[in-house]
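Asks: Just dropping this structure here.
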Amino acid sequence: MLSFFEQFGDEVFGTMDFKRSGAFAEAVLVEAAHLAKKPPQLSFAEAASLPIAAMTAWVAIVNRAKARPGAHIFINGCSGAVGVLAVQLAVSRGAHVAGACGPASTESARAAGVAPLFPYPGSRAYTRQGTYDAVFETLGTLDVGHGFAMLNPGGVFVDINPTPARLLRGVLSRRYKLAFATMGIKHLPAIAELAGNGTLRPAIGLEAPFTDALAAIADPETGRRTSGQTVLAF
């Protein structure tokens, strides 16, 4: 099925089936429904870094938070791979975005339109700053109860880190919503369009050769983090 491609040889990007592994390869077999045409404005590294984070952000910001003009949305981890794209989506839809991020990323977060902006770790001042139509938790560090306290009546707490403890706190509340990339496959063409016109701009923190894959994967596990995604190049 090549209904949304013009011809063989088109440049595409996308994801493998979420039930399969093996994306660290020079060639993979992928269902056409999991692909979209790569915008020519994106490098292959940028395109590779986009699908999972962008689909997660889309489900959270568009489907769950219902970003719209005048809405107030708080994003915890607004400078991470998902957070950066969530900010861009929310701002593009006219929402007011507040957020929290590490000190190394405050300048870029402010430039993206995040205001007010709160530093972490160490500061929880944002839990006492007014209320929001949606709180998007990308890190798993914001207590569900604190998140609920930050919401307007009718507001939602959107989570992508549903540990058993967090689920127990939120499962009985209609305000607790989950967001996963698997829910956003059908939005990949729209994501490609937004990336092509510059609305979505993935941030790459490290582009490493495949031969350095183990070291690149180990870096965040040992506490060394980059401001953006890690991409392996073949």
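Every chain in the structure tokens has a letter given in the order shown (A, B, ...), and although residue numbers restart at 1 in each chain, ligands are simply numbered from 1 in the order shown.
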Which residues in segment 50-217 of chain A does DSSP call helix (DSSP H, G or I)? List them as JSON, numbers by chain.
Replies: {"A": [51, 52, 53, 54, 55, 56, 57, 58, 59, 60, 61, 62, 63, 64, 81, 82, 83, 84, 85, 86, 87, 88, 89, 90, 91, 92, 103, 104, 105, 106, 107, 108, 109, 110, 111, 125, 126, 127, 128, 144, 145, 146, 147, 148, 149, 164, 165, 166, 167, 168, 169, 170, 181, 182, 183, 184, 185, 186, 187, 188, 189, 190, 191, 192, 193, 194, 195, 196, 210, 211, 212, 213, 214, 215, 216, 217]}
Asks: With C-alpha atoms retained, export the selected residues as a short mmCIF file (atom, residue, chain, number, x, y, z; two decimals), in the first residue's frame.
Replies:
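Resulting contents of result-v6.cif:
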data_model
loop_
_atom_site.label_atom_id
_atom_site.label_comp_id
_atom_site.auth_asym_id
_atom_site.auth_seq_id
_atom_site.Cartn_x
_atom_site.Cartn_y
_atom_site.Cartn_z
CA PRO A 51 8.00 10.31 15.26
CA ILE A 52 7.87 8.86 18.80
CA ALA A 53 8.31 12.17 20.61
CA ALA A 54 5.98 14.08 18.28
CA MET A 55 3.22 11.48 18.36
CA THR A 56 3.38 11.41 22.16
CA ALA A 57 3.26 15.20 22.32
CA TRP A 58 0.35 15.29 19.86
CA VAL A 59 -1.75 12.87 21.88
CA ALA A 60 -1.01 14.77 25.09
CA ILE A 61 -1.44 18.34 23.85
CA VAL A 62 -4.01 18.03 21.07
CA ASN A 63 -6.10 15.02 22.05
CA ARG A 64 -5.91 15.12 25.85
CA ALA A 81 12.47 15.42 23.67
CA VAL A 82 8.70 15.27 24.18
CA GLY A 83 8.45 18.54 26.09
CA VAL A 84 10.06 20.67 23.37
CA LEU A 85 7.57 19.42 20.78
CA ALA A 86 4.68 19.74 23.23
CA VAL A 87 5.55 23.41 23.76
CA GLN A 88 5.67 24.00 20.01
CA LEU A 89 2.31 22.31 19.46
CA ALA A 90 0.62 24.17 22.31
CA VAL A 91 1.99 27.57 21.28
CA SER A 92 1.03 26.98 17.65
CA PRO A 103 18.91 25.43 34.22
CA ALA A 104 20.85 24.62 31.05
CA SER A 105 17.68 24.86 28.98
CA THR A 106 15.99 27.96 30.38
CA GLU A 107 17.11 30.24 27.56
CA SER A 108 15.81 27.99 24.79
CA ALA A 109 12.56 27.34 26.67
CA ARG A 110 11.89 31.04 27.07
CA ALA A 111 12.66 31.60 23.40
CA ALA A 125 7.16 26.92 43.29
CA TYR A 126 5.10 26.07 40.22
CA THR A 127 2.76 23.93 42.34
CA ARG A 128 1.64 27.12 44.07
CA VAL A 144 -0.25 13.29 40.85
CA GLY A 145 -1.87 14.96 43.85
CA HIS A 146 0.21 18.11 43.32
CA GLY A 147 -0.72 18.00 39.65
CA PHE A 148 -4.42 17.82 40.44
CA ALA A 149 -4.05 20.80 42.78
CA PRO A 164 1.57 1.47 39.42
CA ALA A 165 1.63 4.02 42.23
CA ARG A 166 0.71 6.88 39.90
CA LEU A 167 -2.06 4.85 38.30
CA LEU A 168 -3.54 4.08 41.70
CA ARG A 169 -3.65 7.81 42.49
CA GLY A 170 -5.21 8.74 39.19
CA ALA A 181 2.89 7.35 21.02
CA THR A 182 0.89 4.28 19.95
CA MET A 183 -2.24 6.43 20.10
CA GLY A 184 -0.79 8.90 17.60
CA ILE A 185 0.17 6.82 14.54
CA LYS A 186 -2.66 8.27 12.46
CA HIS A 187 -1.38 11.79 13.10
CA LEU A 188 2.04 11.17 11.52
CA PRO A 189 1.13 12.85 8.17
CA ALA A 190 -0.07 15.95 10.05
CA ILE A 191 3.14 15.92 12.08
CA ALA A 192 5.15 15.76 8.85
CA GLU A 193 3.25 18.78 7.51
CA LEU A 194 3.96 20.80 10.66
CA ALA A 195 7.62 19.83 10.55
CA GLY A 196 7.77 20.86 6.91
CA PHE A 210 26.18 3.37 15.14
CA THR A 211 29.53 1.99 16.29
CA ASP A 212 29.17 4.19 19.40
CA ALA A 213 25.62 3.04 20.13
CA LEU A 214 26.38 1.42 23.48
CA ALA A 215 28.13 4.52 24.80
CA ALA A 216 25.36 6.80 23.53
CA ILE A 217 22.71 4.69 25.25
#
Asks: Can you pull out the residues contacting Arg174 of chain A? Cut-off 10 Å, using only C-alpha atoms, and skip same-chain residues under 5 positions away; I want them as a ChimeraX atom specification.
Replies: /A:154-157
Asks: Of the candidates A:Arg93, A:Glu207, A:Ala233, A:Leu117, which shows the shortest atom-to-atom distance to Ala25 of chain A, using only C-alpha atoms?
Replies: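 Ranking A:Arg93, A:Glu207, A:Ala233, A:Leu117 by distance to Ala25 of chain A, first place goes to A:Ala233.
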Asks: Return as a ChimeraX atom specification the full set of residues in chain A whose backbone-based DSSP assignment is strand (DSSP E).
Replies: /A:12-14,35-37,72-76,96-101,114-119,132-137,151-159,176-178,204-209,229-233
